[in-house]
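Engineer: What follows is model_39.txt; its format and atoms are compact mmCIF, C-alpha atoms.
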# COMPACT_ATOMS: atom_id res chain seq x y z
CA MET K 1 148.28 103.19 81.91
CA ASN K 2 149.83 99.96 83.17
CA SER K 3 153.33 101.37 82.86
CA ASP K 4 152.79 104.04 85.55
CA PRO K 5 153.44 102.43 88.99
CA LEU K 6 151.62 105.27 90.78
CA PHE K 7 148.44 105.17 88.68
CA ILE K 8 146.23 103.74 91.46
CA ASN K 9 147.63 106.29 93.94
CA LYS K 10 146.76 109.11 91.53
CA VAL K 11 143.18 107.84 91.06
CA VAL K 12 142.61 107.47 94.82
CA GLY K 13 144.21 110.86 95.45
CA SER K 14 141.92 112.47 92.86
CA ILE K 15 138.82 110.95 94.47
CA LEU K 16 139.90 112.05 97.94
CA THR K 17 140.67 115.57 96.68
CA ALA K 18 137.24 115.85 95.02
CA GLY K 19 135.58 114.71 98.26
CA LEU K 20 137.60 117.20 100.28
CA ILE K 21 136.65 120.04 97.92
CA ALA K 22 132.94 119.09 98.18
CA MET K 23 133.14 118.97 101.97
CA VAL K 24 134.88 122.36 102.21
CA ALA K 25 132.32 123.86 99.80
CA GLY K 26 129.53 122.56 102.07
CA PHE K 27 131.13 124.18 105.14
CA ILE K 28 131.54 127.50 103.30
CA ALA K 29 127.89 127.39 102.16
CA ASP K 30 126.76 126.74 105.76
CA LEU K 31 128.80 129.72 106.97
CA ALA K 32 127.55 132.03 104.21
CA TYR K 33 123.86 131.21 104.36
CA HIS K 34 121.87 131.64 107.60
CA PRO K 35 118.09 131.41 107.07
CA LYS K 36 116.06 133.16 109.75
CA MET K 37 112.98 131.22 110.73
CA LEU K 38 109.95 133.33 111.59
CA ASP K 39 108.33 133.05 115.01
CA LYS K 40 104.89 133.18 113.44
CA PRO K 41 103.65 133.01 109.84
CA ALA K 42 103.91 136.27 107.87
CA TYR K 43 100.26 135.94 106.82
CA ALA K 44 97.43 133.53 107.61
CA ILE K 45 96.02 131.26 104.96
CA GLY K 46 92.36 130.33 105.11
CA GLY K 47 91.20 132.40 108.06
CA ASN K 48 92.62 133.20 111.44
CA ALA K 49 94.24 129.83 112.10
CA PRO K 50 97.89 129.28 111.12
CA ALA K 51 98.49 126.95 108.19
CA ALA K 52 99.99 124.24 110.41
CA THR K 53 96.74 123.78 112.36
CA THR K 54 94.40 123.65 109.37
CA THR K 55 95.29 120.07 108.45
CA ALA K 56 92.66 117.51 109.41
CA ALA K 57 93.71 114.53 111.48
CA ALA K 58 93.60 111.18 109.74
CA PRO K 59 90.86 108.87 110.96
CA ALA K 60 92.01 106.59 113.77
CA GLY K 61 90.59 103.47 112.19
CA PRO K 62 88.00 102.05 109.85
CA GLU K 63 84.43 103.28 109.67
CA PRO K 64 82.19 100.93 111.69
CA ILE K 65 80.17 98.43 109.66
CA VAL K 66 77.72 97.27 112.34
CA GLY K 67 74.98 99.52 110.96
CA LEU K 68 75.63 98.28 107.41
CA LEU K 69 75.48 94.55 108.16
CA ALA K 70 71.67 94.25 108.22
CA SER K 71 71.45 95.62 104.68
CA ALA K 72 74.74 94.12 103.45
CA ASP K 73 74.61 92.04 100.27
CA ALA K 74 76.11 88.56 100.65
CA ALA K 75 76.24 88.15 96.84
CA ALA K 76 78.34 91.31 96.60
CA GLY K 77 80.45 89.92 99.43
CA GLU K 78 81.09 86.79 97.40
CA LYS K 79 82.34 89.01 94.57
CA SER K 80 84.61 90.82 97.06
CA PHE K 81 85.87 87.42 98.21
CA LYS K 82 87.60 87.06 94.83
CA LYS K 83 90.40 89.17 96.33
CA CYS K 84 90.75 86.53 99.08
CA LYS K 85 90.30 83.43 96.92
CA ALA K 86 93.97 83.09 95.96
CA CYS K 87 94.92 82.47 99.61
CA HIS K 88 91.69 81.31 101.32
CA GLY K 89 88.85 78.89 100.76
CA PHE K 90 85.44 78.98 102.46
CA LYS K 91 83.96 75.51 101.86
CA LYS K 92 83.11 73.39 104.89
CA GLY K 93 85.96 70.92 105.39
CA GLY K 94 87.88 72.53 102.53
CA PRO K 95 91.67 72.53 102.47
CA ASN K 96 93.91 75.29 103.74
CA LYS K 97 95.79 77.25 101.13
CA VAL K 98 98.38 79.95 101.81
CA GLY K 99 95.88 81.12 104.42
CA PRO K 100 93.45 79.07 106.50
CA ASN K 101 90.02 77.95 105.34
CA LEU K 102 87.49 80.60 106.43
CA TRP K 103 84.52 78.32 107.11
CA ASN K 104 83.07 79.28 110.50
CA VAL K 105 85.39 82.30 110.88
CA VAL K 106 82.74 84.88 111.90
CA GLY K 107 82.13 84.23 115.58
CA GLY K 108 84.75 81.47 115.57
CA SER K 109 87.95 81.32 117.58
CA ARG K 110 91.11 82.88 116.21
CA ALA K 111 93.88 80.52 115.09
CA ALA K 112 91.49 77.55 115.31
CA VAL K 113 91.78 75.87 111.90
CA ALA K 114 93.49 72.52 112.35
CA GLY K 115 96.59 71.94 110.27
CA PHE K 116 97.35 75.59 109.58
CA LYS K 117 100.54 77.17 110.92
CA TYR K 118 99.47 80.57 112.29
CA SER K 119 101.77 83.46 113.13
CA ALA K 120 102.61 84.07 116.78
CA ALA K 121 100.70 87.37 116.55
CA ILE K 122 97.34 85.70 115.98
CA LYS K 123 98.02 82.85 118.41
CA ASP K 124 98.87 85.35 121.15
CA MET K 125 95.79 87.47 120.43
CA GLY K 126 93.31 84.69 121.21
CA GLY K 127 89.58 85.34 121.44
CA LYS K 128 86.92 85.12 118.77
CA TRP K 129 86.39 86.93 115.48
CA GLY K 130 83.56 89.42 116.03
CA PHE K 131 82.12 91.87 113.53
CA ALA K 132 84.20 94.80 114.80
CA ASP K 133 87.43 92.77 114.82
CA LEU K 134 86.89 91.50 111.29
CA ASN K 135 86.09 95.04 110.16
CA ALA K 136 89.37 96.36 111.60
CA PHE K 137 91.34 93.39 110.27
CA LEU K 138 89.92 93.67 106.76
CA TYR K 139 90.53 97.43 106.76
CA LYS K 140 94.27 97.02 107.36
CA PRO K 141 95.50 93.62 108.61
CA LYS K 142 99.02 94.73 109.57
CA ALA K 143 97.68 97.67 111.61
CA PHE K 144 95.13 95.51 113.47
CA MET K 145 97.56 92.69 114.19
CA LYS K 146 101.24 93.60 114.26
CA GLY K 147 103.29 90.62 113.09
CA THR K 148 100.63 88.93 110.97
CA LYS K 149 101.88 86.95 107.99
CA MET K 150 98.94 88.14 105.90
CA SER K 151 100.17 90.41 103.12
CA PHE K 152 96.73 91.74 102.06
CA ALA K 153 96.72 95.56 101.84
CA GLY K 154 93.15 95.88 103.07
CA MET K 155 89.71 97.05 101.93
CA LYS K 156 89.05 100.78 102.28
CA LYS K 157 85.30 100.89 101.52
CA ALA K 158 83.07 100.16 104.52
CA GLN K 159 80.29 98.72 102.34
CA ASP K 160 82.71 96.25 100.73
CA ARG K 161 83.88 95.11 104.18
CA ALA K 162 80.28 94.78 105.39
CA ASN K 163 79.31 92.73 102.32
CA LEU K 164 82.32 90.43 102.78
CA VAL K 165 81.67 89.92 106.50
CA ARG K 166 78.00 89.18 105.75
CA PHE K 167 79.07 86.63 103.13
CA LEU K 168 81.55 84.98 105.51
CA ARG K 169 78.98 85.01 108.35
CA ASP K 170 76.73 82.80 106.24
CA LYS K 171 79.60 80.31 105.78
CA SER K 172 79.10 78.64 109.13
CA ASP K 173 77.36 75.68 110.75
CA SER K 174 75.40 78.12 112.92
CA PRO K 175 75.79 81.77 111.82
CA ILE K 176 75.87 84.28 114.66
CA ALA K 177 73.08 86.81 114.91
CA LEU K 178 73.45 90.13 113.15
CA PRO K 179 73.68 93.16 115.43
Would you mind writing the file out in structure tokens?

Structural biologist:
Amino acid sequence: MNSDPLFINKVVGSILTAGLIAMVAGFIADLAYHPKMLDKPAYAIGGNAPAATTTAAAPAGPEPIVGLLASADAAAGEKSFKKCKACHGFKKGGPNKVGPNLWNVVGGSRAAVAGFKYSAAIKDMGGKWGFADLNAFLYKPKAFMKGTKMSFAGMKKAQDRANLVRFLRDKSDSPIALP
């Protein structure tokens, strides 16, 4: 192997030849095969509508929780908070963790916890955390606030979000009124 001075040239030539053969085979296959696309489906599936129009649109956002808040269970919300506990605390005057302390978050200003370095996305958003905003944020944080540093995937069940918001609402000096 080492005695042949053209060994590397032969290996490279073999690789290039194999690539050339594959490329030519692809061109021949394209020339030989011409699928004809139909203008309309050959038969309808599930009624008179074409199959492409029978798919339901995905919901635009989370199911509202305003109606669920009055009957929401704060104790169940505390259990749901276990998903948040690794990054957030909720005790008054408690320390920040990976995320800010959530005391006074419901009805409180966004990016307001002293000593926490917020992302530009939340600083630029401004305003206060209302029930609808928290619902949308908890449903899918990255969809609600593009550029957030929060890596939480979200909570899909409306009742779980309502319970958690009710729990967090109670963690305040003066909880805001329920709708």

Engineer: Within 8 Å of range 125-132 of chain K, which residues of range 61-102 of chain K show up? Give each one with its shortest atom-to-atom distance in Å (one decimal) and the two atoms involved, counting only C-alpha atoms, rows by chain then rising residue number, as JSON lines.

Structural biologist:
{"residue": "K:Pro64", "atom": "CA", "partner": "K:Ala132", "partner_atom": "CA", "distance": 7.2}
{"residue": "K:Ile65", "atom": "CA", "partner": "K:Ala132", "partner_atom": "CA", "distance": 7.5}
{"residue": "K:Val66", "atom": "CA", "partner": "K:Phe131", "partner_atom": "CA", "distance": 7.1}

Engineer: Keeping C-alpha atoms for every residue in the selection just given, could you write it to a file as a PDB file, in the frame of the given file?

Structural biologist:
ATOM      1  CA  PRO K  64      82.190 100.930 111.690  1.00  0.00           C
ATOM      2  CA  ILE K  65      80.170  98.430 109.660  1.00  0.00           C
ATOM      3  CA  VAL K  66      77.720  97.270 112.340  1.00  0.00           C
TER       4      VAL K  66
END

Engineer: Please return, as a VMD selection string, all polymer residues that have at least one atom within 8 Å of the point (83.5, 100.2, 106.3); use all atoms listed in the file and the file's own coordinate frame.

Structural biologist: chain K and resid 62 to 65 135 139 156 to 162

Engineer: Please measure the separation of CA of Leu134 in chain K and CA of Asn163 in chain K, giving the value in Å to one decimal.

Structural biologist: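 Computing the Euclidean distance for CA of Leu134 in chain K and CA of Asn163 in chain K yields 11.8 Å.
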
Engineer: Would you work out the distance separating CA of Ala70 in chain K from CA of Ile122 in chain K, expressed in Å to one decimal?

Structural biologist: 28.1 Å

Engineer: Rounded to one decimal, what separation in Å do you get between CA of Gly77 in chain K and CA of Phe167 in chain K?

Structural biologist: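 Computing it gives 5.1 Å between the two atoms.
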
Engineer: Using only C-alpha atoms for the distances, tell me which of K:Val98, K:Val105, K:Ala72, K:Leu16 is nearest to Lys117 in chain K.

Structural biologist: K:Val98

Engineer: Counting only C-alpha atoms, which of K:Gly99, K:Gly93, K:Pro179, K:Gly108 gets nearest to Ser151 in chain K?

Structural biologist: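 Using only C-alpha atoms, Ser151 in chain K sits closest to K:Gly99.
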
Engineer: Using all atoms listed in the file, which of the listed residues (K:Gly67, K:Tyr33, K:Lys146, K:Cys87) sits closest to Leu178 in chain K?

Structural biologist: K:Gly67

Engineer: I'd like the neighbourhood of Lys140 in chain K as a list in words, where a residue qualifies if any of its atoms comes within 8 Å (using only C-alpha atoms), though same-chain residues fewer than 5 positions away should be ignored.

Structural biologist: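 The contact residues come out as Phe152, Ala153, Gly154 and Met155 of chain K.
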
Engineer: Restricting the calculation to all atoms listed in the file: of K:Lys10, K:Lys36, K:Arg169, K:Lys82, which residue gets closest to Asn104 in chain K?

Structural biologist: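 Selected residue with least distance to Asn104 in chain K: K:Arg169.
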
Engineer: Excluding Tyr118 in chain K and residues on its chain fewer than 2 positions from it, collect all residues at most 9 Å away from it, counting all atoms listed in the file, and give them as an MDAnalysis selection string.

Structural biologist: chainID K and resid 99:100 111 116 120:123 148:149
